[in-house]
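J.: What follows is the file input-v3.cif, containing mmCIF, C-alpha atoms and all ligand atoms:
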data_input
#
loop_
_atom_site.label_atom_id
_atom_site.label_comp_id
_atom_site.auth_asym_id
_atom_site.auth_seq_id
_atom_site.Cartn_x
_atom_site.Cartn_y
_atom_site.Cartn_z
CA MET A 1413 26.11 119.63 -8.81
CA LYS A 1414 26.99 116.91 -11.31
CA LEU A 1415 26.81 113.92 -8.92
CA ALA A 1416 23.98 114.88 -6.56
CA ASN A 1417 22.52 111.87 -4.70
CA LYS A 1418 25.09 109.48 -6.21
CA VAL A 1419 27.34 107.05 -4.38
CA ALA A 1420 30.86 106.66 -5.79
CA LEU A 1421 33.38 103.98 -4.84
CA ILE A 1422 36.95 105.10 -5.58
CA THR A 1423 39.95 102.80 -5.19
CA GLY A 1424 43.41 104.14 -4.46
CA ALA A 1425 41.57 107.01 -2.76
CA GLY A 1426 44.34 107.58 -0.23
CA SER A 1427 46.81 109.31 -2.54
CA GLY A 1428 47.44 111.12 -5.81
CA MET A 1429 44.69 111.15 -8.41
CA GLY A 1430 42.36 108.98 -6.31
CA ARG A 1431 42.36 111.42 -3.41
CA VAL A 1432 41.88 114.48 -5.64
CA ALA A 1433 39.02 112.76 -7.52
CA SER A 1434 37.42 111.73 -4.20
CA LEU A 1435 37.39 115.36 -3.07
CA LEU A 1436 36.07 116.59 -6.44
CA PHE A 1437 33.32 113.96 -6.66
CA ALA A 1438 32.26 114.80 -3.08
CA GLN A 1439 32.21 118.50 -3.92
CA GLU A 1440 29.87 117.59 -6.80
CA GLY A 1441 27.47 115.91 -4.38
CA ALA A 1442 28.51 112.24 -4.32
CA ARG A 1443 28.86 110.20 -1.15
CA ILE A 1444 32.27 108.53 -1.34
CA GLY A 1445 33.48 105.04 -0.52
CA ALA A 1446 37.20 105.82 -0.17
CA ILE A 1447 39.06 102.55 -0.67
CA ASP A 1448 42.78 101.94 -0.17
CA ILE A 1449 45.16 99.24 0.96
CA ASP A 1450 46.64 101.99 3.16
CA GLU A 1451 43.86 102.36 5.73
CA LYS A 1452 45.21 105.55 7.33
CA ALA A 1453 45.47 107.25 3.94
CA ALA A 1454 41.87 106.30 3.09
CA GLN A 1455 40.73 107.59 6.48
CA GLU A 1456 42.53 110.88 5.87
CA THR A 1457 40.76 111.30 2.52
CA ALA A 1458 37.40 110.57 4.18
CA ARG A 1459 38.23 113.07 6.92
CA MET A 1460 39.10 115.74 4.32
CA ILE A 1461 35.77 115.13 2.58
CA GLU A 1462 33.78 115.30 5.80
CA SER A 1463 35.53 118.44 6.98
CA ALA A 1464 34.55 120.07 3.67
CA GLY A 1465 30.92 119.17 4.42
CA GLY A 1466 30.69 115.94 2.39
CA LYS A 1467 29.92 112.35 3.31
CA ALA A 1468 32.49 109.55 3.06
CA ILE A 1469 33.53 106.24 4.51
CA ALA A 1470 37.03 104.75 4.46
CA VAL A 1471 37.47 101.06 3.70
CA LYS A 1472 40.74 99.12 3.75
CA ALA A 1473 40.92 96.71 0.83
CA ASP A 1474 43.53 95.11 -1.39
CA VAL A 1475 41.90 95.35 -4.82
CA SER A 1476 43.83 92.31 -6.07
CA LYS A 1477 41.93 90.05 -3.63
CA SER A 1478 38.45 88.92 -4.56
CA ALA A 1479 37.16 88.82 -0.96
CA ASP A 1480 38.41 92.38 -0.36
CA ALA A 1481 36.86 93.65 -3.60
CA GLN A 1482 33.55 92.04 -2.64
CA ALA A 1483 33.75 93.51 0.88
CA MET A 1484 34.55 97.06 -0.33
CA VAL A 1485 31.48 97.01 -2.59
CA ALA A 1486 29.28 95.56 0.18
CA ALA A 1487 30.49 98.11 2.77
CA THR A 1488 29.89 101.03 0.40
CA ILE A 1489 26.35 99.86 -0.41
CA GLU A 1490 25.52 99.10 3.20
CA LYS A 1491 26.88 102.34 4.69
CA LEU A 1492 26.15 104.79 1.87
CA GLY A 1493 22.93 103.33 0.53
CA GLY A 1494 23.85 102.24 -3.00
CA LEU A 1495 26.49 102.26 -5.70
CA ASN A 1496 26.16 104.37 -8.84
CA ILE A 1497 29.77 105.06 -9.78
CA MET A 1498 32.91 102.96 -9.54
CA TYR A 1499 36.32 104.49 -10.23
CA ASN A 1500 38.90 101.68 -10.36
CA ASN A 1501 41.99 103.82 -9.92
CA ALA A 1502 44.30 101.91 -7.53
CA GLY A 1503 47.58 100.90 -9.10
CA ILE A 1504 51.30 100.50 -8.58
CA GLU A 1505 54.24 101.35 -10.80
CA GLY A 1506 56.09 98.07 -10.16
CA LYS A 1507 59.81 97.55 -10.61
CA ALA A 1508 61.56 99.23 -13.54
CA GLU A 1509 63.46 96.35 -15.18
CA PRO A 1510 63.88 95.01 -18.69
CA ILE A 1511 61.98 91.80 -19.42
CA VAL A 1512 64.90 89.44 -18.85
CA LYS A 1513 65.67 90.94 -15.44
CA LEU A 1514 62.14 91.31 -14.06
CA ALA A 1515 61.36 88.66 -11.42
CA ASP A 1516 58.31 86.49 -12.11
CA GLU A 1517 56.66 87.60 -8.86
CA ASP A 1518 57.16 91.29 -9.69
CA PHE A 1519 55.41 90.76 -13.04
CA ASP A 1520 52.56 88.92 -11.28
CA ARG A 1521 52.13 91.61 -8.61
CA VAL A 1522 51.66 94.41 -11.14
CA ILE A 1523 49.18 92.36 -13.14
CA ALA A 1524 47.33 91.36 -9.94
CA ILE A 1525 46.81 94.92 -8.71
CA ASN A 1526 46.61 96.93 -11.94
CA LEU A 1527 44.61 94.50 -14.10
CA ARG A 1528 42.99 91.83 -11.94
CA GLY A 1529 42.06 94.55 -9.41
CA VAL A 1530 40.08 96.45 -12.04
CA TRP A 1531 38.44 93.24 -13.25
CA LEU A 1532 37.49 92.22 -9.69
CA GLY A 1533 36.08 95.68 -8.96
CA MET A 1534 33.82 95.46 -12.00
CA LYS A 1535 32.89 91.86 -11.29
CA HIS A 1536 31.60 92.67 -7.81
CA ALA A 1537 30.01 96.05 -8.57
CA ILE A 1538 28.18 95.31 -11.81
CA PRO A 1539 25.51 93.00 -10.32
CA HIS A 1540 24.46 95.84 -7.96
CA MET A 1541 24.42 98.33 -10.81
CA ILE A 1542 22.26 96.00 -12.90
CA ALA A 1543 19.84 95.60 -9.98
CA ASN A 1544 19.80 99.40 -9.60
CA GLY A 1545 19.05 100.23 -13.22
CA GLY A 1546 22.55 101.31 -14.30
CA GLY A 1547 25.79 102.98 -13.39
CA ALA A 1548 29.06 104.44 -14.61
CA ILE A 1549 32.46 102.80 -14.32
CA VAL A 1550 35.75 104.61 -14.88
CA ASN A 1551 38.94 102.54 -15.03
CA THR A 1552 42.44 103.96 -14.79
CA ALA A 1553 44.58 102.76 -17.66
CA SER A 1554 47.57 104.80 -18.87
CA ILE A 1555 49.28 105.86 -22.05
CA ALA A 1556 51.42 102.83 -21.12
CA GLY A 1557 48.47 100.78 -22.36
CA LEU A 1558 48.75 102.42 -25.78
CA VAL A 1559 52.49 102.70 -26.39
CA GLY A 1560 55.47 100.65 -25.23
CA LEU A 1561 57.64 102.00 -22.42
CA ARG A 1562 61.05 100.51 -21.73
CA ASN A 1563 61.47 98.62 -18.45
CA SER A 1564 57.70 98.52 -17.94
CA SER A 1565 56.55 95.24 -19.52
CA ALA A 1566 54.17 94.27 -16.70
CA TYR A 1567 52.81 97.80 -16.32
CA CYS A 1568 52.22 98.20 -20.07
CA ALA A 1569 50.58 94.76 -20.28
CA ALA A 1570 48.31 95.52 -17.31
CA LYS A 1571 47.25 98.91 -18.66
CA ALA A 1572 46.62 97.57 -22.17
CA GLY A 1573 44.57 94.87 -20.43
CA VAL A 1574 42.55 97.52 -18.59
CA ILE A 1575 41.64 99.12 -21.93
CA ALA A 1576 40.65 95.70 -23.26
CA ILE A 1577 38.41 94.75 -20.31
CA THR A 1578 36.88 98.23 -20.35
CA LYS A 1579 35.71 97.57 -23.92
CA VAL A 1580 34.45 94.08 -23.04
CA ALA A 1581 32.51 95.31 -20.00
CA ALA A 1582 30.99 98.14 -22.06
CA LEU A 1583 29.81 95.58 -24.64
CA GLU A 1584 28.46 93.15 -22.06
CA TYR A 1585 26.59 95.63 -19.84
CA GLY A 1586 25.56 98.53 -22.08
CA ARG A 1587 22.08 97.07 -22.31
CA TYR A 1588 21.80 97.42 -18.53
CA ASN A 1589 22.53 101.16 -18.81
CA ILE A 1590 26.07 100.73 -17.49
CA ARG A 1591 28.72 102.84 -19.20
CA VAL A 1592 32.38 101.78 -18.85
CA ASN A 1593 35.30 103.97 -19.90
CA ALA A 1594 39.03 104.21 -19.27
CA ILE A 1595 41.33 107.16 -18.71
CA CYS A 1596 44.86 107.10 -20.11
CA PRO A 1597 46.86 109.71 -18.19
CA GLY A 1598 50.30 110.80 -19.28
CA ALA A 1599 52.78 111.89 -16.60
CA ILE A 1600 50.88 113.33 -13.64
CA ASP A 1601 52.41 114.94 -10.58
CA THR A 1602 51.60 112.40 -7.84
CA PRO A 1603 53.60 110.46 -5.24
CA MET A 1604 53.90 107.64 -7.83
CA VAL A 1605 55.76 109.83 -10.30
CA SER A 1606 57.94 111.28 -7.60
CA ARG A 1607 58.87 107.70 -6.56
CA ILE A 1608 59.73 106.89 -10.19
CA GLN A 1609 61.90 110.03 -10.29
CA GLY A 1610 63.65 108.90 -7.10
CA GLY A 1611 62.28 111.97 -5.31
CA GLY A 1612 63.98 114.41 -7.70
CA THR A 1613 62.42 116.66 -10.30
CA MET A 1614 62.30 115.90 -14.02
CA SER A 1615 64.77 117.73 -16.25
CA GLU A 1616 63.31 120.24 -18.72
CA ARG A 1617 64.43 117.99 -21.56
CA ALA A 1618 62.63 114.99 -20.08
CA VAL A 1619 59.45 117.00 -19.53
CA ASN A 1620 59.51 118.28 -23.11
CA ARG A 1621 59.88 114.71 -24.39
CA ILE A 1622 56.73 113.55 -22.63
CA SER A 1623 54.50 116.61 -23.00
CA THR A 1624 54.07 119.04 -25.84
CA LEU A 1625 52.68 121.49 -23.26
CA GLY A 1626 56.07 121.64 -21.55
CA ARG A 1627 54.90 120.44 -18.15
CA ILE A 1628 53.57 117.34 -16.44
CA GLY A 1629 49.88 117.14 -15.54
CA LYS A 1630 48.18 117.89 -12.25
CA PRO A 1631 45.96 115.31 -10.52
CA ASP A 1632 42.89 117.54 -10.85
CA GLU A 1633 43.32 117.52 -14.65
CA ILE A 1634 42.63 113.77 -14.51
CA ALA A 1635 39.97 114.06 -11.80
CA LYS A 1636 37.99 116.41 -14.07
CA MET A 1637 38.02 113.81 -16.86
CA ALA A 1638 36.93 111.15 -14.35
CA LEU A 1639 34.11 113.44 -13.21
CA PHE A 1640 32.98 113.95 -16.81
CA LEU A 1641 32.96 110.19 -17.48
CA ALA A 1642 31.20 109.41 -14.19
CA SER A 1643 28.50 112.03 -14.76
CA ASP A 1644 25.55 112.23 -17.12
CA ASP A 1645 27.59 114.72 -19.21
CA ALA A 1646 29.17 111.60 -20.75
CA SER A 1647 25.82 109.88 -21.35
CA PHE A 1648 26.79 108.64 -24.84
CA ALA A 1649 30.41 107.73 -24.07
CA THR A 1650 31.20 104.09 -23.41
CA GLY A 1651 33.92 101.55 -24.09
CA ALA A 1652 36.55 104.17 -24.89
CA PRO A 1653 40.04 105.03 -23.67
CA PHE A 1654 40.23 108.80 -22.99
CA ILE A 1655 43.76 110.12 -23.42
CA VAL A 1656 44.79 113.01 -21.14
CA ASP A 1657 48.54 113.19 -21.66
CA GLY A 1658 49.59 116.73 -22.58
CA GLY A 1659 50.36 115.42 -26.05
CA TRP A 1660 52.84 112.67 -25.06
CA THR A 1661 51.44 110.18 -27.59
CA ILE A 1662 50.82 112.54 -30.53
CA GLY A 1663 53.76 111.22 -32.47
N1 LIG B 1 50.99 109.39 -11.90
C1 LIG B 1 51.04 109.13 -13.19
O1 LIG B 1 51.78 109.76 -13.94
C2 LIG B 1 50.17 108.07 -13.78
C3 LIG B 1 50.06 108.00 -15.19
C4 LIG B 1 49.22 107.07 -15.77
C5 LIG B 1 48.47 106.22 -14.97
N2 LIG B 1 48.59 106.30 -13.61
C6 LIG B 1 47.75 105.40 -12.83
O2 LIG B 1 46.89 106.20 -12.03
C7 LIG B 1 46.50 105.48 -10.85
C8 LIG B 1 46.74 106.34 -9.63
O3 LIG B 1 48.12 106.62 -9.56
P1 LIG B 1 48.75 107.81 -8.71
O4 LIG B 1 49.79 108.40 -9.56
O5 LIG B 1 47.70 108.65 -8.11
O6 LIG B 1 49.51 106.91 -7.62
P2 LIG B 1 49.69 106.99 -6.03
O7 LIG B 1 50.77 106.03 -5.70
O8 LIG B 1 49.80 108.40 -5.57
O9 LIG B 1 48.28 106.41 -5.49
C9 LIG B 1 47.93 105.07 -5.67
C10 LIG B 1 47.07 104.62 -4.49
O10 LIG B 1 46.68 103.25 -4.72
C11 LIG B 1 46.81 102.55 -3.50
N3 LIG B 1 47.01 101.11 -3.76
C12 LIG B 1 48.13 100.51 -4.21
N4 LIG B 1 47.94 99.18 -4.27
C13 LIG B 1 46.69 98.94 -3.84
C14 LIG B 1 45.92 97.76 -3.66
N5 LIG B 1 46.43 96.56 -3.93
N6 LIG B 1 44.65 97.89 -3.21
C15 LIG B 1 44.12 99.11 -2.91
N7 LIG B 1 44.81 100.25 -3.05
C16 LIG B 1 46.07 100.17 -3.51
C17 LIG B 1 48.03 103.17 -2.82
O11 LIG B 1 48.03 102.89 -1.42
C18 LIG B 1 47.83 104.64 -3.15
O12 LIG B 1 47.04 105.29 -2.16
C19 LIG B 1 47.29 104.18 -10.91
O13 LIG B 1 46.49 103.16 -11.45
C20 LIG B 1 48.43 104.49 -11.86
O14 LIG B 1 48.95 103.35 -12.47
C21 LIG B 1 49.43 107.19 -13.01
#
Can you present the structure in this file as structure tokens?
T.:
Amino acid sequence: MKLANKVALITGAGSGMGRVASLLFAQEGARIGAIDIDEKAAQETARMIESAGGKAIAVKADVSKSADAQAMVAATIEKLGGLNIMYNNAGIEGKAEPIVKLADEDFDRVIAINLRGVWLGMKHAIPHMIANGGGAIVNTASIAGLVGLRNSSAYCAAKAGVIAITKVAALEYGRYNIRVNAICPGAIDTPMVSRIQGGGTMSERAVNRISTLGRIGKPDEIAKMALFLASDDASFATGAPFIVDGGWTIG
């Protein structure tokens, strides 16, 4: 097992990639702090882990709030006995509008959850990791942090910001044996993408435009990258954005 005796805190654990990663990390031996603003969804993930023989707690937290971020870290340490891995995955898609039409508060909300939330998670977890002799942090960015997407100014800015703070954190805390990396998924089949599609399925033409493999990705194809980065298999990887996009950004 790749994460035996580890404790992993995963945000956005109630849905999509966060839930699938929570189950995979638990299967690999980690005890899971399943964090979500949707308490019932986090509880369901924890229940799924426990019924598969793992150990998990569910914690309701809004990652954009400093007090909540502090409390989710404290609860995980108190109830699970430590914190070795943090996967800052919670995020929202925000409203799809061109810059001149996007409301100020909609811009702020996406930045607050997708960027400030990652920063707050690191801010509150890193002191414990330093005290513990190290840790691994995985942040969810997106290919939207690498290329521009129409109608997604706040989302692209937040995700580019996640890549930036991942690099800064890796520089600042490498000497404490803390590795910090980011994942840049392409289009992955989760409730978020189905909301963006308005519940419908993507046309073949649209799929071929965003993936040279002719399909969108599955959540476990991101969870496996997160597992790699969280585990000792990635012992020399830090400060890097890992693209898993089916070829969307090749050219
Ligand atoms: N699905 C994709 O194609 C795709 C591509 C690139 C990046 N991403 C990113 O991957 C991450 C996971 O996305 P997903 O597709 O699994 O989405 P999802 O909507 O299925 O899951 C996101 C989870 O985050 C939770 N959440 C939202 N706001 C929160 C907050 N303020 N505090 C705590 N939890 C909160 C939601 O309740 C939900 O359970 C996000 O950061 C997203 O931006 C998704």
J.: Do you know which residues are at most 12 Å from A:Arg1587 counting all atoms listed in the file, after dropping those on the same chain fewer than 6 positions away, and could you put them as a short mmCIF file (atom, residue, chain, number, x, y, z; two decimals) with C-alpha atoms, in the frame of the given file?
T.:
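Printed below is out07.cif as written:
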data_model
loop_
_atom_site.label_atom_id
_atom_site.label_comp_id
_atom_site.auth_asym_id
_atom_site.auth_seq_id
_atom_site.Cartn_x
_atom_site.Cartn_y
_atom_site.Cartn_z
CA MET A 1541 24.42 98.33 -10.81
CA ILE A 1542 22.26 96.00 -12.90
CA GLY A 1545 19.05 100.23 -13.22
CA GLY A 1546 22.55 101.31 -14.30
CA GLY A 1547 25.79 102.98 -13.39
CA ALA A 1581 32.51 95.31 -20.00
CA THR A 1650 31.20 104.09 -23.41
#
J.: Give as a VMD selection string the residues surrounding ligand LIG 1 (chain B) up to a distance of 6 Å, considering only C-alpha atoms and all ligand atoms.
T.: chain A and resid 1423 to 1430 1448 to 1450 1473 to 1476 1501 to 1505 1525 1552 to 1554 1597 to 1605
J.: Using all atoms listed in the file, pick whichever of A:Phe1640, A:Trp1660, A:Phe1437, A:Trp1531 has the shortest atom-to-atom distance to A:Thr1624.
T.: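 The closest residue to A:Thr1624 is A:Trp1660.
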J.: What's the 12 Å shell around A:Met1484, counting all atoms listed in the file, without same-chain residues fewer than 4 positions away, as number ranges by chain?
T.: A: 1420-1423, 1444-1449, 1469-1480, 1488-1492, 1495, 1498, 1500, 1532-1534, 1536-1537
J.: Near A:Ala1438, within 12 Å and counting only C-alpha atoms, which residues show up once chain neighbours fewer than 2 positions away are dropped, as a ChimeraX atom specification?
T.: /A:1413-1422,1431-1436,1440-1446,1457-1469,1635,1639
J.: Name the residues in contact with A:Ala1642 at a cut-off of 8 Å, using all atoms listed in the file, excluding same-chain residues fewer than 3 positions from it; report them as JSON, numbers by chain.
T.: {"A": [1497, 1548, 1549, 1550, 1638, 1639, 1646]}
J.: Identify which of the residues A:His1540, A:Arg1617, A:Arg1528, A:Arg1591 lies closest to A:Ala1486, counting all atoms listed in the file when measuring atom-to-atom distances.
T.: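 That would be A:His1540, the residue with the smallest distance to A:Ala1486.
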J.: Name the closest residue to A:Tyr1499 among the candidates A:Asp1520, A:Ala1576, A:Gly1663, A:Met1637; distances are taken between atoms, counting only C-alpha atoms.
T.: A:Met1637
J.: Could you give me, as a PyMOL selection string, the residues within 12 Å of A:Phe1648, counting only C-alpha atoms and dropping anything in the same chain fewer than 4 positions from it?
T.: chain A and resi 1548+1582+1586+1589-1593+1640-1644+1652
J.: At a cut-off of 9 Å around the point (52.2, 110.4, -28.7) (file coordinates), what residues fall inside when counting all atoms listed in the file? I'd like the answer as a ChimeraX atom specification.
T.: /A:1555,1559,1622-1623,1657,1659-1663
